[in-house]
Amino acid sequence: MASLPNRKGENDTPNPKETGNQAIVSWVMSNVSHARNQRDEKHSRRWEEYTRLYRGMWSAEDKSTDSERSRLIAPALSQAIEMSVAEIEEAVFGREAWFGTEDDDNSPEDVLQLRDNLLYDFDKMGVEDNISKTFLLGAIYGTGIAKIHVVRHREAVPGPTGEPSFQDTARVKLEAIRPDEFVIDPSATTIDDAMFCAHEVVKPLHSVKMKQERGIYKKGFVGAYTGQTYGDTDGAGPKNYDSQDNAALITEYYGKVPKRFIKGKGEAGMVEVIITIANETTLLKIVENPFTMKDRPIVAYQHDTVPGEFWGRGVAEKGYNPQKALDSELRARIDALALMTAPMMGADMTRLGDRYAEFKVRPGKTVFTRGRPSEIYEPVAFGNPAQLGATFQHTGDLERMVQMGTGSMDSATPSSTNRRNETVGGMSQINSGFLKRSKRTLANIERQFLDPLIRKAMWRYSQFDPQRYPSDYEFRVHTAMGLMAKEVENSNLTQMLGFLQPGSQEQKLVLAALFENTISSEKSALLKAIQTMNKEPSEEEQKQAQEMQALQQRAMKAEVELAEAEVRKTLAEEKLTMAKTEHELVKTDLEDDLVEIQAANAATAASKARTSERQNEIQAARVIVENKKVDSDRNKRKDS
């Protein structure tokens, strides 16, 4: 789209043929088009190339020489960008409570509750994810930009009858904005100083019509956008849209306009408004800034400071030149390898059997010549591949230059190039040096991005959800750098504790300072406990403490006496148990002896019975023998 040659200012008069909405649309789009052209003139080509280098996409514009054939893109710059963003995310989100608040009235409980509510709402609305996207865009293009939305969020809550009911609440969302979709007053260096800023983005046409039906946008025909977009996601330049894409180009303007365009505002001066325009022609919404603090819902930071400019310097810009040299080195090496390794032949055309035959070398091919082939063909050699070994070492040095330029030092550099990566100490320097290397970037993120973001989010919640976020407070925000400073201070205080006597007043004061610096969710309870511990008791409290101590001593003495009595009772019971046991053992032995005696008596009686029986048998035998002897004697007398 062609921009208008002149930028309209406050005192410019609109075209007489333009009235109402047409006049303000024309005034806004003339300023936006002029600012867009100013931006693209300085940055669009570089941003497109940064995108290609980050995503590894080749373009003919990136050739170092006309003879260059290889399309390789080294991943060094992409890795540096990823490493920088990862380290920034670790520095910012490395704690569960990634920002802290401090109340100016020395009553931290209310602000701590607000902080916890804000952390919860940020997590529910995916704010952290869009902050990470903003960090990535800032590292690539040099400027991180995000837009704050206030949306109505429907949430299910348990109803009185057990069935869920739905409750609408105001929630703050964050949207990361690509720099090539953002336009700002060319003479401004910050969002607040600019007369205006605008976000140009293509959105589905049906979403625009839905907002018209819901009354968010004005009624009116909005057709499909046919033209070029300004965002470039693959480095190939703006994308062309036609009617089949069913998309609309939405321009969201945040800034000042002459009061004459707003009914009831008079003619002189300017007023802060929010304007939404479709396809650069149709006015969808115009409202005076509705926020309590009259601030613009845009936050932006420079990854690396460029004084006097809104647009900053990113990792891609800092590592651009060594990355281009590295790509040239790699492509020249690959092109040279192709010439050295692919067989090439020279031939005498007058002695070839078929001068129009294909002479590409391949296995099994037969060529016809008029004479000895060795006299007609001659190999053409461009060198030995082994000679390219030195160029591969050069790539390691160029990778090191990329890391030097970007400050994204890591262990990917070969050990042969940087001996630091062979030692534990060297690796420790890599892990611990980021804060020093990126202190300015983290400071910019805190001062220009996170602090305004949290403040503006608090202001919007206080305006649209005052029950959960009361507005009668003043607070200070501590994010990445502030939290790290607190960690360093806490480390020093922890070391001091080792030199203080336990229970002393000095130790209590150091403990209070430690808990004052903590960002724990239990900070309020910890501070109360420390304050209670450090509080000097009154005379009445001391008297009560003494009486309580005396009672505790008497109770302890009674408990000791009771314990001793229990011990004596236990010993007596043990002795009684042992005596009973011995008695039972003796009784058992006596019973066993009695059984044995009874058994012996029974055996004796049985023996006596057997003896008596034998005596009776012997007596009977004797009687029989005597009788036989008498009979024998009688017979003998008869015979004589």
# chains A, B, ... in the order shown; residues from 1 in each chain; ligands from 1
>>> select_by_dssp(residues="region 140-297 of chain A", states="strand (DSSP E)", output="PDB file with C-alpha atoms, in the first residue's frame")
ATOM      1  CA  THR A 143      12.287  -4.756  20.629  1.00  0.00           C
ATOM      2  CA  GLY A 144       9.792  -6.751  22.669  1.00  0.00           C
ATOM      3  CA  ILE A 145       6.217  -5.458  22.455  1.00  0.00           C
ATOM      4  CA  ALA A 146       3.035  -6.751  24.096  1.00  0.00           C
ATOM      5  CA  LYS A 147      -0.580  -5.618  24.319  1.00  0.00           C
ATOM      6  CA  ILE A 148      -2.751  -5.861  27.436  1.00  0.00           C
ATOM      7  CA  HIS A 149      -6.348  -6.997  26.897  1.00  0.00           C
ATOM      8  CA  VAL A 150      -9.201  -6.876  29.385  1.00  0.00           C
ATOM      9  CA  VAL A 151     -11.604  -9.724  28.637  1.00  0.00           C
ATOM     10  CA  ARG A 152     -14.667 -11.214  30.249  1.00  0.00           C
ATOM     11  CA  HIS A 153     -13.825 -14.707  31.460  1.00  0.00           C
ATOM     12  CA  ARG A 154     -16.650 -17.160  32.158  1.00  0.00           C
ATOM     13  CA  GLU A 155     -15.845 -19.484  35.034  1.00  0.00           C
ATOM     14  CA  ALA A 156     -17.873 -22.413  36.399  1.00  0.00           C
ATOM     15  CA  VAL A 157     -18.562 -22.301  40.160  1.00  0.00           C
ATOM     16  CA  PRO A 158     -20.579 -24.751  42.314  1.00  0.00           C
ATOM     17  CA  PRO A 164     -22.500 -25.630  38.353  1.00  0.00           C
ATOM     18  CA  SER A 165     -23.306 -22.011  37.688  1.00  0.00           C
ATOM     19  CA  PHE A 166     -21.341 -19.657  35.487  1.00  0.00           C
ATOM     20  CA  GLN A 167     -19.845 -16.399  36.659  1.00  0.00           C
ATOM     21  CA  ASP A 168     -18.343 -13.702  34.428  1.00  0.00           C
ATOM     22  CA  THR A 169     -15.194 -12.059  35.749  1.00  0.00           C
ATOM     23  CA  ALA A 170     -12.806  -9.517  34.270  1.00  0.00           C
ATOM     24  CA  ARG A 171      -9.404 -10.988  33.418  1.00  0.00           C
ATOM     25  CA  VAL A 172      -6.239  -9.502  31.956  1.00  0.00           C
ATOM     26  CA  LYS A 173      -4.633 -11.206  28.958  1.00  0.00           C
ATOM     27  CA  LEU A 174      -1.363 -10.438  27.219  1.00  0.00           C
ATOM     28  CA  GLU A 175      -0.655 -10.642  23.484  1.00  0.00           C
ATOM     29  CA  ALA A 176       2.882 -10.620  22.116  1.00  0.00           C
ATOM     30  CA  ILE A 177       3.148  -8.280  19.096  1.00  0.00           C
ATOM     31  CA  PHE A 182       3.501  -2.469  15.238  1.00  0.00           C
ATOM     32  CA  VAL A 183       3.580   1.186  14.219  1.00  0.00           C
ATOM     33  CA  ILE A 184       4.634   4.102  16.411  1.00  0.00           C
ATOM     34  CA  PHE A 196       0.136   7.438  18.843  1.00  0.00           C
ATOM     35  CA  CYS A 197       0.946   3.802  18.324  1.00  0.00           C
ATOM     36  CA  ALA A 198      -0.966   1.166  16.394  1.00  0.00           C
ATOM     37  CA  HIS A 199      -1.192  -2.590  15.981  1.00  0.00           C
ATOM     38  CA  GLU A 200      -1.918  -3.861  12.470  1.00  0.00           C
ATOM     39  CA  VAL A 201      -2.906  -7.515  12.351  1.00  0.00           C
ATOM     40  CA  VAL A 202      -4.944  -9.769  10.076  1.00  0.00           C
ATOM     41  CA  LYS A 203      -7.829 -11.524  11.843  1.00  0.00           C
ATOM     42  CA  PRO A 204     -10.485 -13.975  10.613  1.00  0.00           C
ATOM     43  CA  GLY A 227      -3.773  -6.748  -0.199  1.00  0.00           C
ATOM     44  CA  GLN A 228      -0.497  -7.289   1.608  1.00  0.00           C
ATOM     45  CA  ASN A 240      -0.771 -11.343  -0.291  1.00  0.00           C
ATOM     46  CA  TYR A 241      -4.394 -11.890   0.749  1.00  0.00           C
ATOM     47  CA  ALA A 247      -9.618 -12.213   6.565  1.00  0.00           C
ATOM     48  CA  ALA A 248      -9.786  -8.605   7.647  1.00  0.00           C
ATOM     49  CA  LEU A 249      -6.917  -6.213   8.338  1.00  0.00           C
ATOM     50  CA  ILE A 250      -7.552  -4.693  11.761  1.00  0.00           C
ATOM     51  CA  THR A 251      -5.764  -1.473  12.760  1.00  0.00           C
ATOM     52  CA  GLU A 252      -5.966  -0.757  16.497  1.00  0.00           C
ATOM     53  CA  TYR A 253      -4.934   2.860  17.143  1.00  0.00           C
ATOM     54  CA  TYR A 254      -3.957   4.035  20.634  1.00  0.00           C
ATOM     55  CA  GLY A 255      -3.161   7.717  20.897  1.00  0.00           C
ATOM     56  CA  LYS A 256      -4.336  11.264  20.511  1.00  0.00           C
ATOM     57  CA  VAL A 257      -6.671  12.728  17.916  1.00  0.00           C
ATOM     58  CA  PRO A 258      -7.956  16.306  17.503  1.00  0.00           C
ATOM     59  CA  MET A 270      -6.355  16.659  21.461  1.00  0.00           C
ATOM     60  CA  VAL A 271      -7.930  13.765  23.322  1.00  0.00           C
ATOM     61  CA  GLU A 272      -6.638  10.239  24.099  1.00  0.00           C
ATOM     62  CA  VAL A 273      -8.720   7.596  22.296  1.00  0.00           C
ATOM     63  CA  ILE A 274      -8.790   3.966  21.183  1.00  0.00           C
ATOM     64  CA  ILE A 275      -9.824   3.473  17.559  1.00  0.00           C
ATOM     65  CA  THR A 276     -10.341   0.247  15.604  1.00  0.00           C
ATOM     66  CA  ILE A 277     -10.408   0.339  11.804  1.00  0.00           C
ATOM     67  CA  ALA A 278     -11.042  -2.545   9.374  1.00  0.00           C
ATOM     68  CA  THR A 282     -14.161   1.114   7.905  1.00  0.00           C
ATOM     69  CA  LEU A 283     -14.432   2.545  11.428  1.00  0.00           C
ATOM     70  CA  LEU A 284     -15.395  -0.217  13.857  1.00  0.00           C
ATOM     71  CA  LYS A 285     -14.901   1.488  17.217  1.00  0.00           C
ATOM     72  CA  ILE A 286     -13.875   4.834  18.670  1.00  0.00           C
ATOM     73  CA  VAL A 287     -13.904   5.473  22.421  1.00  0.00           C
ATOM     74  CA  GLU A 288     -12.128   7.856  24.722  1.00  0.00           C
TER      75      GLU A 288
END
>>> residues_around(residues="region 363-372 of chain A", least_positions_apart="3", cutoff="10 Å", atoms="only C-alpha atoms", output="list in words")
Ala347, Asp348, Met349, Thr350, Arg351, Leu352, Gly353, Asp354, Arg355, Ala357, Glu358, Phe359, Lys360, Glu375, Ile376 and Tyr377 of chain A
>>> write_last_selection(atoms="C-alpha atoms", output="short mmCIF file (atom, residue, chain, number, x, y, z; two decimals), in the first residue's frame")
data_model
loop_
_atom_site.label_atom_id
_atom_site.label_comp_id
_atom_site.auth_asym_id
_atom_site.auth_seq_id
_atom_site.Cartn_x
_atom_site.Cartn_y
_atom_site.Cartn_z
CA ALA A 347 37.57 -34.20 -23.88
CA ASP A 348 38.83 -33.60 -27.44
CA MET A 349 35.59 -32.84 -29.30
CA THR A 350 37.14 -33.65 -32.71
CA ARG A 351 37.88 -37.24 -31.70
CA LEU A 352 34.69 -38.18 -29.88
CA GLY A 353 32.51 -40.90 -31.36
CA ASP A 354 29.36 -38.89 -30.67
CA ARG A 355 30.00 -35.27 -29.92
CA ALA A 357 26.41 -37.70 -26.30
CA GLU A 358 25.98 -37.12 -22.56
CA PHE A 359 29.39 -37.15 -20.84
CA LYS A 360 28.30 -37.20 -17.20
CA GLU A 375 44.61 -39.51 -25.27
CA ILE A 376 41.13 -37.99 -25.70
CA TYR A 377 39.90 -37.73 -22.05
#
>>> closest_residue(among="A:Arg178, A:Arg468, A:Arg39, A:Arg69", to="Asp110 (chain A)", atoms="only C-alpha atoms")
A:Arg468
>>> atom_distance(atom1="CA of Thr51 (chain A)", atom2="CA of Ala236 (chain A)")
8.9 Å
